[in-house]
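Novice: So here's final-v7.cif (mmCIF, C-alpha atoms and all ligand atoms).
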```cif
data_final
loop_
_atom_site.group_PDB
_atom_site.id
_atom_site.type_symbol
_atom_site.label_atom_id
_atom_site.label_comp_id
_atom_site.auth_asym_id
_atom_site.auth_seq_id
_atom_site.Cartn_x
_atom_site.Cartn_y
_atom_site.Cartn_z
ATOM 1 C CA MET A 4 86.584 142.220 80.119
ATOM 2 C CA ASN A 5 85.443 144.414 82.999
ATOM 3 C CA THR A 6 87.537 146.696 85.171
ATOM 4 C CA ILE A 7 86.671 145.802 88.744
ATOM 5 C CA LEU A 8 87.444 148.023 91.740
ATOM 6 C CA CYS A 9 87.611 146.381 95.151
ATOM 7 C CA GLY A 10 88.788 147.480 98.564
ATOM 8 C CA PHE A 11 87.645 148.519 102.015
ATOM 9 C CA MET A 12 84.696 150.806 102.718
ATOM 10 C CA GLY A 13 85.617 154.410 101.999
ATOM 11 C CA CYS A 14 88.566 153.632 99.703
ATOM 12 C CA GLY A 15 86.853 155.422 96.799
ATOM 13 C CA LYS A 16 85.641 152.532 94.619
ATOM 14 C CA SER A 17 82.477 154.336 93.494
ATOM 15 C CA THR A 18 84.044 157.781 93.177
ATOM 16 C CA ILE A 19 87.027 156.538 91.171
ATOM 17 C CA GLY A 20 84.831 154.215 89.101
ATOM 18 C CA LYS A 21 82.454 157.032 88.143
ATOM 19 C CA HIS A 22 85.369 159.327 87.382
ATOM 20 C CA LEU A 23 87.033 156.749 85.125
ATOM 21 C CA ALA A 24 83.756 155.991 83.367
ATOM 22 C CA GLN A 25 83.077 159.663 82.699
ATOM 23 C CA LYS A 26 86.579 160.443 81.542
ATOM 24 C CA TYR A 27 86.857 157.485 79.190
ATOM 25 C CA ASN A 28 83.226 157.241 78.181
ATOM 26 C CA SER A 29 82.782 153.756 79.661
ATOM 27 C CA LYS A 30 79.790 152.115 81.240
ATOM 28 C CA PHE A 31 79.737 152.016 85.030
ATOM 29 C CA ILE A 32 77.959 149.885 87.592
ATOM 30 C CA ASP A 33 78.033 150.053 91.370
ATOM 31 C CA LEU A 34 77.287 146.687 92.996
ATOM 32 C CA ASP A 35 75.594 148.187 96.073
ATOM 33 C CA ASP A 36 73.399 150.449 93.908
ATOM 34 C CA TYR A 37 72.466 147.438 91.790
ATOM 35 C CA ILE A 38 71.441 145.543 94.952
ATOM 36 C CA VAL A 39 69.496 148.515 96.329
ATOM 37 C CA GLU A 40 67.603 148.872 93.073
ATOM 38 C CA LYS A 41 66.818 145.178 92.748
ATOM 39 C CA GLN A 42 65.712 144.769 96.363
ATOM 40 C CA ASN A 43 64.112 148.194 96.523
ATOM 41 C CA MET A 44 65.705 148.596 99.959
ATOM 42 C CA SER A 45 68.732 150.420 101.328
ATOM 43 C CA ILE A 46 71.804 148.372 102.311
ATOM 44 C CA SER A 47 71.212 149.380 105.950
ATOM 45 C CA ASP A 48 67.621 148.126 105.798
ATOM 46 C CA ILE A 49 68.670 144.828 104.209
ATOM 47 C CA PHE A 50 71.141 144.288 107.090
ATOM 48 C CA LYS A 51 68.532 145.350 109.659
ATOM 49 C CA GLU A 52 65.665 143.258 108.290
ATOM 50 C CA PHE A 53 67.479 140.142 107.084
ATOM 51 C CA GLY A 54 70.977 140.200 108.621
ATOM 52 C CA GLU A 55 74.439 140.078 107.085
ATOM 53 C CA ALA A 56 74.261 136.418 105.945
ATOM 54 C CA LYS A 57 71.229 137.144 103.767
ATOM 55 C CA PHE A 58 72.901 140.299 102.427
ATOM 56 C CA ARG A 59 75.879 138.158 101.375
ATOM 57 C CA GLU A 60 73.551 135.782 99.501
ATOM 58 C CA ILE A 61 71.956 138.687 97.679
ATOM 59 C CA GLU A 62 75.431 140.069 96.982
ATOM 60 C CA THR A 63 76.631 136.774 95.447
ATOM 61 C CA GLN A 64 73.562 136.661 93.206
ATOM 62 C CA ALA A 65 74.191 140.271 92.101
ATOM 63 C CA ILE A 66 77.875 139.505 91.424
ATOM 64 C CA THR A 67 76.864 136.526 89.294
ATOM 65 C CA GLU A 68 74.587 138.773 87.239
ATOM 66 C CA ILE A 69 77.032 141.658 86.906
ATOM 67 C CA SER A 70 79.797 139.288 85.833
ATOM 68 C CA GLU A 71 77.862 138.647 82.655
ATOM 69 C CA PHE A 72 78.287 142.310 81.681
ATOM 70 C CA ASP A 73 81.178 143.249 79.438
ATOM 71 C CA ASN A 74 83.387 146.310 79.227
ATOM 72 C CA TYR A 75 82.024 147.845 82.401
ATOM 73 C CA ILE A 76 83.794 149.598 85.197
ATOM 74 C CA VAL A 77 82.474 147.864 88.304
ATOM 75 C CA ALA A 78 82.643 149.247 91.856
ATOM 76 C CA LEU A 79 82.211 146.404 94.349
ATOM 77 C CA GLY A 80 81.098 146.604 97.973
ATOM 78 C CA GLY A 81 83.869 146.328 100.550
ATOM 79 C CA GLY A 82 82.963 142.739 101.467
ATOM 80 C CA ALA A 83 82.296 141.440 97.978
ATOM 81 C CA ILE A 84 85.463 139.366 97.697
ATOM 82 C CA LEU A 85 85.138 137.724 101.143
ATOM 83 C CA ASN A 86 83.425 134.702 99.652
ATOM 84 C CA PRO A 87 85.977 132.779 97.547
ATOM 85 C CA LEU A 88 83.186 131.902 95.115
ATOM 86 C CA ASN A 89 82.585 135.614 94.452
ATOM 87 C CA ALA A 90 86.289 136.208 93.941
ATOM 88 C CA GLU A 91 86.432 133.334 91.487
ATOM 89 C CA ILE A 92 83.448 134.619 89.480
ATOM 90 C CA LEU A 93 84.881 138.146 89.424
ATOM 91 C CA LYS A 94 88.364 137.044 88.381
ATOM 92 C CA LYS A 95 86.860 135.429 85.311
ATOM 93 C CA SER A 96 84.943 138.556 84.355
ATOM 94 C CA GLY A 97 87.753 141.103 84.398
ATOM 95 C CA LYS A 98 90.838 142.607 85.983
ATOM 96 C CA ILE A 99 90.582 143.350 89.684
ATOM 97 C CA PHE A 100 92.126 146.529 91.078
ATOM 98 C CA PHE A 101 92.487 146.632 94.864
ATOM 99 C CA LEU A 102 92.368 150.196 96.170
ATOM 100 C CA ASN A 103 94.553 149.939 99.261
ATOM 101 C CA ILE A 104 93.693 152.390 102.045
ATOM 102 C CA SER A 105 94.932 152.627 105.642
ATOM 103 C CA ALA A 106 92.613 152.224 108.638
ATOM 104 C CA GLU A 107 93.392 155.794 109.727
ATOM 105 C CA GLU A 108 92.375 157.181 106.346
ATOM 106 C CA VAL A 109 89.137 155.144 106.365
ATOM 107 C CA TYR A 110 88.381 156.522 109.819
ATOM 108 C CA LYS A 111 89.034 160.079 108.663
ATOM 109 C CA ARG A 112 86.636 159.628 105.751
ATOM 110 C CA LEU A 113 83.894 157.656 107.494
ATOM 111 C CA LYS A 114 83.892 158.838 111.103
ATOM 112 C CA ASP A 115 80.509 160.548 110.678
ATOM 113 C CA ASP A 116 79.061 158.042 108.204
ATOM 114 C CA THR A 117 75.878 156.236 109.217
ATOM 115 C CA SER A 118 75.268 154.207 106.059
ATOM 116 C CA ARG A 119 77.694 151.309 106.705
ATOM 117 C CA PRO A 120 76.032 148.839 109.105
ATOM 118 C CA LEU A 121 79.326 147.103 109.936
ATOM 119 C CA LEU A 122 80.835 150.328 111.280
ATOM 120 C CA GLN A 123 77.995 151.463 113.530
ATOM 121 C CA THR A 124 79.799 150.799 116.819
ATOM 122 C CA ASP A 125 81.174 152.981 119.601
ATOM 123 C CA ASP A 126 84.725 152.065 118.646
ATOM 124 C CA LYS A 127 84.697 152.789 114.950
ATOM 125 C CA LEU A 128 88.467 152.894 114.501
ATOM 126 C CA GLY A 129 88.754 149.557 116.332
ATOM 127 C CA ALA A 130 86.118 148.004 114.048
ATOM 128 C CA ILE A 131 87.883 149.359 110.959
ATOM 129 C CA ASN A 132 91.245 148.022 112.153
ATOM 130 C CA ASP A 133 89.837 144.565 112.920
ATOM 131 C CA LEU A 134 87.968 144.174 109.643
ATOM 132 C CA LEU A 135 90.753 145.597 107.512
ATOM 133 C CA GLN A 136 93.311 143.298 109.087
ATOM 134 C CA LYS A 137 91.103 140.238 108.518
ATOM 135 C CA ARG A 138 90.316 141.184 104.950
ATOM 136 C CA MET A 139 93.732 142.333 103.769
ATOM 137 C CA PRO A 140 94.939 138.856 102.660
ATOM 138 C CA LEU A 141 91.679 138.330 100.770
ATOM 139 C CA TYR A 142 91.942 141.651 98.949
ATOM 140 C CA ILE A 143 95.550 140.939 98.029
ATOM 141 C CA ASN A 144 94.702 137.444 96.896
ATOM 142 C CA ALA A 145 91.842 138.641 94.668
ATOM 143 C CA ALA A 146 93.801 141.527 93.157
ATOM 144 C CA ASP A 147 95.479 141.671 89.770
ATOM 145 C CA TYR A 148 96.785 145.129 90.686
ATOM 146 C CA ILE A 149 97.217 146.953 93.979
ATOM 147 C CA ILE A 150 96.863 150.733 94.018
ATOM 148 C CA ASP A 151 97.706 152.685 97.184
ATOM 149 C CA VAL A 152 95.167 155.465 97.608
ATOM 150 C CA ASP A 153 96.097 157.311 100.813
ATOM 151 C CA ASP A 154 97.056 160.944 100.092
ATOM 152 C CA LYS A 155 96.341 160.659 96.375
ATOM 153 C CA LYS A 156 93.934 162.718 94.300
ATOM 154 C CA ILE A 157 91.131 161.102 92.285
ATOM 155 C CA GLU A 158 92.851 162.112 89.020
ATOM 156 C CA GLU A 159 96.102 160.472 90.048
ATOM 157 C CA ILE A 160 94.439 157.193 91.045
ATOM 158 C CA SER A 161 92.340 157.123 87.865
ATOM 159 C CA ASP A 162 95.432 157.692 85.715
ATOM 160 C CA GLU A 163 97.262 154.870 87.481
ATOM 161 C CA ILE A 164 94.371 152.500 86.824
ATOM 162 C CA LYS A 165 93.954 153.640 83.228
ATOM 163 C CA ASN A 166 97.645 153.024 82.518
ATOM 164 C CA LEU A 167 97.283 149.471 83.784
ATOM 165 C CA MET A 168 94.016 148.721 81.991
HETATM 166 C C1 LIG A 201 80.359 146.322 103.145
HETATM 167 C C2 LIG A 201 80.633 147.429 102.376
HETATM 168 C C3 LIG A 201 79.574 148.293 101.822
HETATM 169 C C4 LIG A 201 78.276 147.502 101.648
HETATM 170 C C5 LIG A 201 77.897 146.836 102.931
HETATM 171 C C6 LIG A 201 78.973 145.857 103.418
HETATM 172 C C7 LIG A 201 81.497 145.543 103.688
HETATM 173 O O1 LIG A 201 79.988 148.825 100.564
HETATM 174 O O2 LIG A 201 78.393 146.560 100.626
HETATM 175 O O3 LIG A 201 77.672 147.817 103.892
HETATM 176 O O4 LIG A 201 81.292 144.403 104.142
HETATM 177 O O5 LIG A 201 82.638 146.057 103.651
HETATM 178 P P1 LIG A 201 81.083 150.036 100.409
HETATM 179 O O6 LIG A 201 82.435 149.397 100.437
HETATM 180 O O7 LIG A 201 80.765 150.605 99.083
HETATM 181 O O8 LIG A 201 80.849 150.963 101.528
#
```
So, in terms of structure tokens, how does the structure I just supplied come out?
Ligand code: S3P

Specialist:
Amino acid sequence: MNTILCGFMGCGKSTIGKHLAQKYNSKFIDLDDYIVEKQNMSISDIFKEFGEAKFREIETQAITEISEFDNYIVALGGGAILNPLNAEILKKSGKIFFLNISAEEVYKRLKDDTSRPLLQTDDKLGAINDLLQKRMPLYINAADYIIDVDDKKIEEISDEIKNLM
């Protein structure tokens, strides 16, 4: 059984996942890092060269592979559960924790970020609001547990997850 962290860009999936893995001596894998390594390309370059649809295909393939792992802490990408097939595969491979963050908090964290292709627009807060609103039902539907992360420290969030694991 894996422990799978999902949620919007900037919610802390990788940071919390690494923290949990270190603290409890678990194995950790970050889906985006796995993709970058396999494709030997940054996420931005994959979007630029091949487009989002191709990225989603690559992402589904990576999810299929990672789901074969066992006892890992897995940090997903923010769009990984958009495809119902991905959500189905992931549900079978572990417990899914949705790290729930507000649009305002995402904006605070990512306003100067240039590494997320979907947020490179003039109206970043608008883009965050739109995407988050569309995705919220999918996150909730995929989740076994929902953890609110606004205004919480890494330690606090990790402890909450650990207690539920
Ligand atoms: C995406 C989130 C990113 C990355 C890609 C697409 C999304 O991961 O997979 O840019 O659709 O939300 P993070 O959530 O780790 O930023």

Novice: Which residues fall under the PyMOL selection byres (((not hetatm)) within 6 of (chain A and resi 201)) in this file, as a list in words?

Specialist: Phe11, Met12, Gly13, Asp35, Gly80, Gly81, Gly82, Arg119 and Pro120 of chain A

Novice: Mind writing the picked residues with C-alpha atoms as a PDB file, keeping the file's coordinate frame?

Specialist:
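Writing done, so here's selection_33.pdb:
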```pdb
ATOM      1  CA  PHE A  11      87.645 148.519 102.015  1.00  0.00           C
ATOM      2  CA  MET A  12      84.696 150.806 102.718  1.00  0.00           C
ATOM      3  CA  GLY A  13      85.617 154.410 101.999  1.00  0.00           C
ATOM      4  CA  ASP A  35      75.594 148.187  96.073  1.00  0.00           C
ATOM      5  CA  GLY A  80      81.098 146.604  97.973  1.00  0.00           C
ATOM      6  CA  GLY A  81      83.869 146.328 100.550  1.00  0.00           C
ATOM      7  CA  GLY A  82      82.963 142.739 101.467  1.00  0.00           C
ATOM      8  CA  ARG A 119      77.694 151.309 106.705  1.00  0.00           C
ATOM      9  CA  PRO A 120      76.032 148.839 109.105  1.00  0.00           C
TER      10      PRO A 120
END
```

Novice: Between A:Gln64, A:Ser45, A:Gln136, A:Gln25, which residue has the minimum interatomic distance to Asn103 (chain A), considering all atoms listed in the file?

Specialist: A:Gln136

Novice: What are the closest atom pairs, with distances in Å to one decimal, for all residues of region 58-114 of chain A lying within 12 Å of region 157-161 of chain A? Consider all atoms listed in the file, order rows by chain and residue number, and present the result as a tab-separated table.

Specialist:
```
residue	atom	partner	partner_atom	distance
A:Ile76	CA	A:Ser161	CA	11.7
A:Phe100	CA	A:Ile160	CA	10.9
A:Phe101	CA	A:Ile160	CA	11.4
A:Leu102	CA	A:Ile160	CA	8.9
A:Asn103	CA	A:Ile160	CA	11.0
```

Novice: Apply the PyMOL selection byres (((chain A and resi 131) around 10) and not hetatm) to the displayed file and report the matching residues as number ranges by chain.

Specialist: A: 11-12, 105-107, 109-110, 113, 121-122, 126-130, 132-137

Novice: Under the PyMOL selection byres (((chain A and resi 145) around 9) and not hetatm), which residues of this model are included? Write them out as number ranges by chain.

Specialist: A: 9, 84, 87, 90-91, 93-94, 99-101, 140-144, 146-147

Novice: I'd like the interatomic distance between CA of Ser17 (chain A) and CA of Thr63 (chain A), to a tenth of an Å.

Specialist: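 Taking CA of Ser17 (chain A) and CA of Thr63 (chain A), their separation equals 18.6 Å.
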
Novice: If we count all atoms listed in the file and set the cut-off at 10 Å, which residues sit around Arg59 (chain A), ignoring sequence neighbours fewer than 5 positions away in its own chain? Please answer as an MDAnalysis selection string.

Specialist: chainID A and resid 50 54 64:65 82:83 85:86 89

Novice: Fewer than 2 positions away in the same chain doesn't count, so skip those; otherwise give me all residues within 6 Å of Gly97 (chain A), counting all atoms listed in the file, as a list in words.

Specialist: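 Close residues of Gly97 (chain A): Met4, Asn5, Thr6, Lys94 and Lys95 of chain A.
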
Novice: Take the selection from the previous step and output its residues with C-alpha atoms, as an mmCIF file, keeping the file's coordinate frame.

Specialist:
```cif
data_model
loop_
_atom_site.group_PDB
_atom_site.id
_atom_site.type_symbol
_atom_site.label_atom_id
_atom_site.label_comp_id
_atom_site.auth_asym_id
_atom_site.auth_seq_id
_atom_site.Cartn_x
_atom_site.Cartn_y
_atom_site.Cartn_z
ATOM 1 C CA MET A 4 86.584 142.220 80.119
ATOM 2 C CA ASN A 5 85.443 144.414 82.999
ATOM 3 C CA THR A 6 87.537 146.696 85.171
ATOM 4 C CA LYS A 94 88.364 137.044 88.381
ATOM 5 C CA LYS A 95 86.860 135.429 85.311
#
```

Novice: Can you tell me how far CA of Val152 (chain A) sits from CA of Glu108 (chain A), in Å to one decimal?

Specialist: 9.3 Å

Novice: When you draw a straight line from CA of Phe72 (chain A) to CA of Ser96 (chain A), how long is it in Å?

Specialist: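 CA of Ser96 (chain A) lies at a distance of 8.1 Å from CA of Phe72 (chain A).
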
Novice: Edge lengths and centre in Å to one decimal, as AutoDock Vina command-line options, of the axis-aligned box that encloses all listed atoms of region 75-83 of chain A with 4 Å added on every side?

Specialist:
```
--center_x 82.5 --center_y 145.5 --center_z 91.9 --size_x 10.8 --size_y 16.2 --size_z 27.1
```

Novice: Between A:Ile46, A:Ser118, A:Ile7, A:Gln123, which has the minimum distance to Ser70 (chain A) (counting only C-alpha atoms)?

Specialist: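 Of all the options, A:Ile7 lies closest to Ser70 (chain A).
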
Novice: Go through A:Glu52, A:Ile92, A:Leu23, A:Val77 one by one, measure the shortest atom-to-atom distance of each to Asp162 (chain A) using only C-alpha atoms, and give the residue with the smallest value.

Specialist: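 Closest residue, counting only C-alpha atoms: A:Leu23.
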